[in-house]
$ cat run.cif   # mmCIF, C-alpha atoms
data_protein
#
loop_
_atom_site.group_PDB
_atom_site.id
_atom_site.type_symbol
_atom_site.label_atom_id
_atom_site.label_comp_id
_atom_site.auth_asym_id
_atom_site.auth_seq_id
_atom_site.Cartn_x
_atom_site.Cartn_y
_atom_site.Cartn_z
ATOM 1 C CA MET A 1 56.332 130.904 117.579
ATOM 2 C CA LYS A 2 57.581 134.493 117.402
ATOM 3 C CA ASN A 3 58.947 134.260 120.945
ATOM 4 C CA PHE A 4 60.552 130.946 120.092
ATOM 5 C CA LEU A 5 62.365 132.490 117.112
ATOM 6 C CA PHE A 6 63.490 135.341 119.339
ATOM 7 C CA LYS A 7 64.908 132.740 121.729
ATOM 8 C CA GLU A 8 66.820 131.094 118.844
ATOM 9 C CA LEU A 9 68.397 134.375 117.760
ATOM 10 C CA ARG A 10 69.241 135.603 121.235
ATOM 11 C CA LEU A 11 70.183 132.397 123.034
ATOM 12 C CA ALA A 12 70.676 129.443 120.674
ATOM 13 C CA ALA A 13 72.563 130.988 117.755
ATOM 14 C CA HIS A 14 76.322 130.720 118.121
ATOM 15 C CA PRO A 15 78.188 133.991 117.343
ATOM 16 C CA THR A 16 79.811 132.366 114.308
ATOM 17 C CA LEU A 17 76.362 132.153 112.701
ATOM 18 C CA PHE A 18 76.249 135.944 112.435
ATOM 19 C CA ILE A 19 79.918 136.237 111.483
ATOM 20 C CA PHE A 20 79.671 133.679 108.675
ATOM 21 C CA THR A 21 76.386 135.180 107.499
ATOM 22 C CA ALA A 22 78.212 138.469 107.005
ATOM 23 C CA LEU A 23 80.771 136.699 104.796
ATOM 24 C CA GLY A 24 78.476 137.330 101.848
ATOM 25 C CA VAL A 25 80.717 140.377 101.368
ATOM 26 C CA LEU A 26 83.419 138.013 100.074
ATOM 27 C CA VAL A 27 81.931 138.333 96.583
ATOM 28 C CA LEU A 28 83.780 141.648 96.527
ATOM 29 C CA VAL A 29 87.139 139.862 96.724
ATOM 30 C CA PRO A 30 88.778 139.520 93.292
ATOM 31 C CA ASP A 31 89.797 136.069 92.074
ATOM 32 C CA TYR A 32 88.169 134.165 94.917
ATOM 33 C CA PRO A 33 86.233 130.849 94.804
ATOM 34 C CA TYR A 34 82.850 132.300 95.717
ATOM 35 C CA GLY A 35 81.365 128.837 96.262
ATOM 36 C CA ALA A 36 83.295 128.741 99.550
ATOM 37 C CA ILE A 37 80.839 131.313 100.905
ATOM 38 C CA PHE A 38 78.086 128.687 101.013
ATOM 39 C CA LEU A 39 80.344 126.263 102.857
ATOM 40 C CA PHE A 40 80.938 128.891 105.536
ATOM 41 C CA GLY A 41 77.181 129.323 105.874
ATOM 42 C CA SER A 42 76.619 125.590 106.331
ATOM 43 C CA LEU A 43 79.501 125.368 108.785
ATOM 44 C CA ALA A 44 77.828 128.079 110.862
ATOM 45 C CA THR A 45 74.653 125.990 111.094
ATOM 46 C CA TYR A 46 76.665 122.992 112.240
ATOM 47 C CA ILE A 47 78.511 125.006 114.890
ATOM 48 C CA THR A 48 75.204 126.370 116.174
ATOM 49 C CA PHE A 49 73.770 122.867 116.516
ATOM 50 C CA GLN A 50 76.957 121.645 118.187
ATOM 51 C CA TYR A 51 76.739 124.593 120.550
ATOM 52 C CA GLY A 52 73.118 123.723 121.252
ATOM 53 C CA ARG A 53 74.094 120.161 122.107
ATOM 54 C CA GLU A 54 76.703 121.300 124.598
ATOM 55 C CA THR A 55 74.296 123.740 126.246
ATOM 56 C CA ASN A 56 71.390 121.227 126.337
ATOM 57 C CA ASP A 57 69.315 123.500 124.129
ATOM 58 C CA ILE A 58 67.025 120.680 122.940
ATOM 59 C CA TYR A 59 66.225 119.680 126.508
ATOM 60 C CA TYR A 60 65.647 123.301 127.516
ATOM 61 C CA SER A 61 63.403 123.919 124.506
ATOM 62 C CA SER A 62 61.348 120.830 125.287
ATOM 63 C CA LEU A 63 60.525 122.296 128.706
ATOM 64 C CA LEU A 64 59.026 125.407 127.151
ATOM 65 C CA PRO A 65 55.264 125.630 126.438
ATOM 66 C CA THR A 66 55.526 124.491 122.833
ATOM 67 C CA ASP A 67 55.479 121.275 120.826
ATOM 68 C CA ARG A 68 58.296 119.470 119.055
ATOM 69 C CA ARG A 69 57.230 120.705 115.645
ATOM 70 C CA ASP A 70 57.895 124.283 116.745
ATOM 71 C CA ILE A 71 61.310 123.283 118.106
ATOM 72 C CA VAL A 72 62.317 121.885 114.715
ATOM 73 C CA LYS A 73 60.636 124.680 112.789
ATOM 74 C CA SER A 74 62.412 127.410 114.740
ATOM 75 C CA LYS A 75 65.794 125.781 114.108
ATOM 76 C CA LEU A 76 65.071 125.440 110.411
ATOM 77 C CA LEU A 77 63.866 129.031 110.178
ATOM 78 C CA LEU A 78 67.043 130.164 111.935
ATOM 79 C CA SER A 79 69.099 128.432 109.242
ATOM 80 C CA ILE A 80 66.914 129.822 106.454
ATOM 81 C CA PHE A 81 67.270 133.291 107.944
ATOM 82 C CA ALA A 82 71.069 133.001 108.007
ATOM 83 C CA GLU A 83 71.298 131.592 104.471
ATOM 84 C CA CYS A 84 68.977 134.153 102.896
ATOM 85 C CA ALA A 85 70.581 136.999 104.844
ATOM 86 C CA GLN A 86 73.985 135.918 103.569
ATOM 87 C CA LEU A 87 72.785 136.019 99.968
ATOM 88 C CA LEU A 88 71.039 139.367 100.438
ATOM 89 C CA ILE A 89 74.154 140.854 102.043
ATOM 90 C CA SER A 90 76.207 139.708 99.060
ATOM 91 C CA LEU A 91 73.916 141.267 96.428
ATOM 92 C CA PRO A 92 75.097 144.903 96.523
ATOM 93 C CA PHE A 93 78.713 143.754 96.527
ATOM 94 C CA ALA A 94 78.010 141.474 93.562
ATOM 95 C CA PHE A 95 76.841 144.527 91.604
ATOM 96 C CA VAL A 96 79.842 146.614 92.638
ATOM 97 C CA ARG A 97 82.561 144.015 92.060
ATOM 98 C CA PRO A 98 82.541 144.068 88.206
ATOM 99 C CA LEU A 99 82.926 147.855 88.331
ATOM 100 C CA LEU A 100 85.918 147.650 90.637
ATOM 101 C CA PHE A 101 87.498 144.558 89.079
ATOM 102 C CA PRO A 102 86.377 144.355 85.441
ATOM 103 C CA GLY A 103 88.781 141.562 84.562
ATOM 104 C CA GLY A 104 86.442 138.852 85.808
ATOM 105 C CA ASN A 105 86.981 136.061 88.311
ATOM 106 C CA VAL A 106 89.696 133.786 86.933
ATOM 107 C CA VAL A 107 89.442 131.385 89.891
ATOM 108 C CA GLY A 108 85.792 130.411 89.581
ATOM 109 C CA ILE A 109 82.275 131.491 88.736
ATOM 110 C CA GLU A 110 81.238 135.120 88.690
ATOM 111 C CA ALA A 111 78.716 136.355 91.263
ATOM 112 C CA ASN A 112 75.967 136.282 88.652
ATOM 113 C CA VAL A 113 72.416 134.933 88.343
ATOM 114 C CA ALA A 114 73.607 131.328 87.981
ATOM 115 C CA PHE A 115 75.767 131.726 91.079
ATOM 116 C CA TYR A 116 72.725 132.548 93.196
ATOM 117 C CA GLY A 117 70.770 129.695 91.659
ATOM 118 C CA PHE A 118 73.499 127.229 92.569
ATOM 119 C CA ALA A 119 73.668 128.785 96.056
ATOM 120 C CA LEU A 120 70.028 127.922 96.635
ATOM 121 C CA PHE A 121 70.534 124.411 95.239
ATOM 122 C CA SER A 122 73.460 123.802 97.590
ATOM 123 C CA TYR A 123 71.614 125.092 100.645
ATOM 124 C CA ALA A 124 68.506 123.113 99.692
ATOM 125 C CA ILE A 125 70.424 119.852 99.643
ATOM 126 C CA TYR A 126 72.302 120.684 102.816
ATOM 127 C CA ASN A 127 69.189 121.561 104.811
ATOM 128 C CA LEU A 128 67.260 118.508 103.633
ATOM 129 C CA ILE A 129 69.998 116.076 104.620
ATOM 130 C CA PHE A 130 71.248 117.829 107.745
ATOM 131 C CA PHE A 131 67.877 118.324 109.422
ATOM 132 C CA SER A 132 66.588 114.906 108.405
ATOM 133 C CA GLU A 133 69.683 113.240 109.847
ATOM 134 C CA PHE A 134 70.110 115.348 112.969
ATOM 135 C CA TYR A 135 66.591 114.833 114.269
ATOM 136 C CA LYS A 136 66.963 111.066 114.182
ATOM 137 C CA THR A 137 68.712 111.520 117.527
ATOM 138 C CA ALA A 138 68.649 115.316 118.134
ATOM 139 C CA TYR A 139 72.249 114.843 119.252
ATOM 140 C CA LYS A 140 74.646 113.743 116.499
ATOM 141 C CA ALA A 141 75.425 117.042 114.783
ATOM 142 C CA GLY A 142 78.838 115.933 113.486
ATOM 143 C CA ILE A 143 77.739 112.953 111.415
ATOM 144 C CA SER A 144 74.726 114.918 110.164
ATOM 145 C CA PHE A 145 77.044 117.689 108.994
ATOM 146 C CA ILE A 146 79.348 115.291 107.156
ATOM 147 C CA LYS A 147 76.456 113.583 105.373
ATOM 148 C CA ALA A 148 75.027 116.943 104.304
ATOM 149 C CA PHE A 149 78.309 118.688 103.564
ATOM 150 C CA ILE A 150 79.577 116.165 100.999
ATOM 151 C CA PRO A 151 76.676 116.479 98.503
ATOM 152 C CA GLU A 152 76.637 120.235 99.028
ATOM 153 C CA ALA A 153 80.347 120.377 98.179
ATOM 154 C CA ILE A 154 79.650 118.296 95.060
ATOM 155 C CA VAL A 155 77.047 120.840 93.897
ATOM 156 C CA ILE A 156 79.527 123.657 94.461
ATOM 157 C CA GLY A 157 82.233 121.669 92.640
ATOM 158 C CA VAL A 158 79.894 121.186 89.677
ATOM 159 C CA MET A 159 79.171 124.914 89.641
ATOM 160 C CA GLU A 160 82.847 125.828 89.601
ATOM 161 C CA THR A 161 83.608 123.167 86.968
ATOM 162 C CA PHE A 162 80.861 124.416 84.657
ATOM 163 C CA ALA A 163 82.257 127.936 84.967
ATOM 164 C CA HIS A 164 85.538 126.739 83.396
ATOM 165 C CA MET A 165 83.981 124.808 80.515
ATOM 166 C CA PRO A 166 84.146 126.723 77.192
ATOM 167 C CA SER A 167 80.927 125.092 75.976
ATOM 168 C CA LEU A 168 79.124 126.478 79.047
ATOM 169 C CA ALA A 169 80.717 129.910 79.029
ATOM 170 C CA TRP A 170 77.304 131.535 79.469
ATOM 171 C CA ILE A 171 77.114 130.172 83.041
ATOM 172 C CA ASP A 172 80.110 132.327 83.936
ATOM 173 C CA GLY A 173 78.984 135.305 81.870
ATOM 174 C CA MET A 174 77.953 138.767 83.017
ATOM 175 C CA ALA A 175 76.525 140.030 79.712
ATOM 176 C CA GLY A 176 72.793 140.610 79.436
ATOM 177 C CA ASP A 177 72.193 137.616 77.140
ATOM 178 C CA ASP A 178 74.146 135.329 79.443
ATOM 179 C CA LEU A 179 72.204 136.480 82.492
ATOM 180 C CA LEU A 180 68.924 135.715 80.728
ATOM 181 C CA LEU A 181 70.132 132.189 79.968
ATOM 182 C CA GLN A 182 70.972 131.771 83.648
ATOM 183 C CA LEU A 183 67.448 132.587 84.852
ATOM 184 C CA PRO A 184 66.230 128.945 84.694
ATOM 185 C CA ILE A 185 69.077 127.999 87.079
ATOM 186 C CA LEU A 186 67.920 130.655 89.533
ATOM 187 C CA ALA A 187 64.291 129.586 89.172
ATOM 188 C CA GLY A 188 65.248 125.958 89.702
ATOM 189 C CA GLY A 189 67.237 126.919 92.777
ATOM 190 C CA ILE A 190 64.289 128.794 94.274
ATOM 191 C CA VAL A 191 61.941 125.849 93.687
ATOM 192 C CA ALA A 192 64.465 123.344 95.064
ATOM 193 C CA TYR A 193 65.078 125.506 98.131
ATOM 194 C CA CYS A 194 61.379 125.762 98.954
ATOM 195 C CA VAL A 195 60.622 122.085 98.294
ATOM 196 C CA CYS A 196 63.644 120.754 100.177
ATOM 197 C CA ASN A 197 63.035 122.923 103.232
ATOM 198 C CA ILE A 198 59.411 121.794 103.425
ATOM 199 C CA ALA A 199 60.550 118.176 103.057
ATOM 200 C CA ALA A 200 63.250 118.725 105.684
ATOM 201 C CA LEU A 201 60.693 120.076 108.146
ATOM 202 C CA LYS A 202 58.273 117.196 107.633
ATOM 203 C CA THR A 203 60.958 114.527 107.866
ATOM 204 C CA ALA A 204 62.689 116.088 110.872
ATOM 205 C CA VAL A 205 59.431 116.545 112.784
ATOM 206 C CA LYS A 206 58.428 112.942 112.126
ATOM 207 C CA ARG A 207 61.789 111.602 113.310
ATOM 208 C CA PHE A 208 62.048 113.934 116.287
ATOM 209 C CA ALA A 209 58.655 112.749 117.535
ATOM 210 C CA SER A 210 60.152 109.367 118.395
ATOM 211 C CA VAL A 211 63.313 110.689 120.080
ATOM 212 C CA ASP A 212 63.584 110.127 123.813
ATOM 213 C CA ILE A 213 64.969 113.396 125.156
#

$ encode --input "run.cif" --output "structure tokens"
Amino acid sequence: MKNFLFKELRLAAHPTLFIFTALGVLVLVPDYPYGAIFLFGSLATYITFQYGRETNDIYYSSLLPTDRRDIVKSKLLLSIFAECAQLLISLPFAFVRPLLFPGGNVVGIEANVAFYGFALFSYAIYNLIFFSEFYKTAYKAGISFIKAFIPEAIVIGVMETFAHMPSLAWIDGMAGDDLLLQLPILAGGIVAYCVCNIAALKTAVKRFASVDI
């Protein structure tokens, strides 16, 4: 499995995956809709799968001494790696941004605890739908992306809408009390991310087993 993951990083991952992963630094940009960062991350996964289709990556992988579960698992772990790396890259910049731009983000939500909780929610939904749909055929990356992207965009839209609602001002807050109130959102995001990725793996493996490569 380790060698298979190495193959994904060195051969299967499209360069945009690494470029868009690095876009976690965009939380340093003042007055920017930070929810767009997650959309870039999901777009990178789609491009990688599209790239894999054009290079016959699924067929090549099936010729290697491994089973189909490992093929799906390595792809999912590649996406998880990119998503988590993006969030980790953004963390130091999220701490620095309020010091450099103390006026707050007038465009959307701050890069706070709730922001990271919603990030995990959005990626959880995207991975569950995208992987479940793609491995029905192991070919149709475009339609899988559209089906996954729409609900993910809705989650991000809800996040940005909540940040502008006076009654939910704590979601956009950076004060200590506000951050404490946001912890359940982060916890919920972590749980959703773990559960959805496990469900995505099980569903994708089951569907991929019946695909005629």

$ axis_aligned_box --input "run.cif" --around "stretch 28-40 of chain A" --padding-each-side "3 Å" --output "AutoDock Vina command-line options"
--center_x 83.9 --center_y 134.0 --center_z 98.8 --size_x 17.7 --size_y 21.4 --size_z 19.5

$ closest_residue --input "run.cif" --among "A:Ser42, A:Glu133, A:Tyr126, A:Leu78" --to "A:Arg10" --atoms "only C-alpha atoms"
A:Leu78

$ resolve_selection --input "run.cif" --expression "the PyMOL selection byres ((chain A and resi 59) around 12)" --output "list in words"
Gly52, Arg53, Glu54, Thr55, Asn56, Asp57, Ile58, Tyr60, Ser61, Ser62, Leu63, Leu64, Arg68, Ile71, Ala138, Tyr139, Val211, Asp212 and Ile213 of chain A

$ write_last_selection --input "run.cif" --atoms "C-alpha atoms" --output "compact mmCIF listing (two decimals), keeping the file's coordinate frame"
# COMPACT_ATOMS: atom_id res chain seq x y z
CA GLY A 52 73.12 123.72 121.25
CA ARG A 53 74.09 120.16 122.11
CA GLU A 54 76.70 121.30 124.60
CA THR A 55 74.30 123.74 126.25
CA ASN A 56 71.39 121.23 126.34
CA ASP A 57 69.32 123.50 124.13
CA ILE A 58 67.03 120.68 122.94
CA TYR A 60 65.65 123.30 127.52
CA SER A 61 63.40 123.92 124.51
CA SER A 62 61.35 120.83 125.29
CA LEU A 63 60.52 122.30 128.71
CA LEU A 64 59.03 125.41 127.15
CA ARG A 68 58.30 119.47 119.06
CA ILE A 71 61.31 123.28 118.11
CA ALA A 138 68.65 115.32 118.13
CA TYR A 139 72.25 114.84 119.25
CA VAL A 211 63.31 110.69 120.08
CA ASP A 212 63.58 110.13 123.81
CA ILE A 213 64.97 113.40 125.16

$ atom_distance --input "run.cif" --atom1 "atom CA of A:Phe149" --atom2 "atom CA of A:Leu9"
23.4 Å

$ residues_around --input "run.cif" --residues "stretch 151-156 of chain A" --least-positions-apart "3" --cutoff "8 Å" --atoms "all atoms listed in the file" --output "short mmCIF file (atom, residue, chain, number, x, y, z; two decimals) with C-alpha atoms, keeping the file's coordinate frame"
data_model
loop_
_atom_site.label_atom_id
_atom_site.label_comp_id
_atom_site.auth_asym_id
_atom_site.auth_seq_id
_atom_site.Cartn_x
_atom_site.Cartn_y
_atom_site.Cartn_z
CA GLY A 35 81.36 128.84 96.26
CA LEU A 39 80.34 126.26 102.86
CA PHE A 118 73.50 127.23 92.57
CA ALA A 119 73.67 128.78 96.06
CA PHE A 121 70.53 124.41 95.24
CA SER A 122 73.46 123.80 97.59
CA TYR A 123 71.61 125.09 100.64
CA ILE A 125 70.42 119.85 99.64
CA TYR A 126 72.30 120.68 102.82
CA LYS A 147 76.46 113.58 105.37
CA ALA A 148 75.03 116.94 104.30
CA MET A 159 79.17 124.91 89.64
CA GLU A 160 82.85 125.83 89.60
#

$ residues_around --input "run.cif" --residues "stretch 109-115 of chain A" --least-positions-apart "4" --cutoff "7 Å" --atoms "all atoms listed in the file" --output "list in words"
Val27, Ala94, Asn105, Ala119, Glu160, Ala163, Ile171, Asp172, Met174, Leu179, Gln182, Leu183, Ile185 and Leu186 of chain A

$ atom_distance --input "run.cif" --atom1 "atom CA of A:Ser90" --atom2 "atom CA of A:Ala12"
24.6 Å

$ resolve_selection --input "run.cif" --expression "the PyMOL selection byres ((chain A and resi 72) around 12)" --output "short mmCIF file (atom, residue, chain, number, x, y, z; two decimals) with C-alpha atoms, keeping the file's coordinate frame"
data_model
loop_
_atom_site.label_atom_id
_atom_site.label_comp_id
_atom_site.auth_asym_id
_atom_site.auth_seq_id
_atom_site.Cartn_x
_atom_site.Cartn_y
_atom_site.Cartn_z
CA MET A 1 56.33 130.90 117.58
CA PHE A 4 60.55 130.95 120.09
CA LEU A 5 62.36 132.49 117.11
CA GLU A 8 66.82 131.09 118.84
CA PHE A 49 73.77 122.87 116.52
CA ASP A 57 69.32 123.50 124.13
CA ILE A 58 67.03 120.68 122.94
CA SER A 61 63.40 123.92 124.51
CA SER A 62 61.35 120.83 125.29
CA THR A 66 55.53 124.49 122.83
CA ASP A 67 55.48 121.28 120.83
CA ARG A 68 58.30 119.47 119.06
CA ARG A 69 57.23 120.70 115.64
CA ASP A 70 57.90 124.28 116.74
CA ILE A 71 61.31 123.28 118.11
CA LYS A 73 60.64 124.68 112.79
CA SER A 74 62.41 127.41 114.74
CA LYS A 75 65.79 125.78 114.11
CA LEU A 76 65.07 125.44 110.41
CA LEU A 77 63.87 129.03 110.18
CA LEU A 78 67.04 130.16 111.94
CA SER A 79 69.10 128.43 109.24
CA PHE A 131 67.88 118.32 109.42
CA SER A 132 66.59 114.91 108.40
CA PHE A 134 70.11 115.35 112.97
CA TYR A 135 66.59 114.83 114.27
CA LYS A 136 66.96 111.07 114.18
CA ALA A 138 68.65 115.32 118.13
CA ASN A 197 63.04 122.92 103.23
CA ILE A 198 59.41 121.79 103.42
CA ALA A 200 63.25 118.72 105.68
CA LEU A 201 60.69 120.08 108.15
CA LYS A 202 58.27 117.20 107.63
CA THR A 203 60.96 114.53 107.87
CA ALA A 204 62.69 116.09 110.87
CA VAL A 205 59.43 116.54 112.78
CA LYS A 206 58.43 112.94 112.13
CA ARG A 207 61.79 111.60 113.31
CA PHE A 208 62.05 113.93 116.29
CA ALA A 209 58.66 112.75 117.54
#

$ resolve_selection --input "run.cif" --expression "the PyMOL selection byres ((chain A and resi 44) around 12)" --output "count of residues only"
34

$ atom_distance --input "run.cif" --atom1 "atom CA of A:Phe95" --atom2 "atom CA of A:Ile190"
20.3 Å

$ closest_residue --input "run.cif" --among "A:Val107, A:Ile143, A:Val191, A:Leu128" --to "A:Thr161" --atoms "all atoms listed in the file"
A:Val107

$ closest_residue --input "run.cif" --among "A:Leu120, A:Lys140, A:Leu180, A:Pro166" --to "A:Ala192" --atoms "only C-alpha atoms"
A:Leu120

$ closest_residue --input "run.cif" --among "A:Ile150, A:Ala85, A:Leu11, A:Leu91" --to "A:Leu28" --atoms "all atoms listed in the file"
A:Leu91
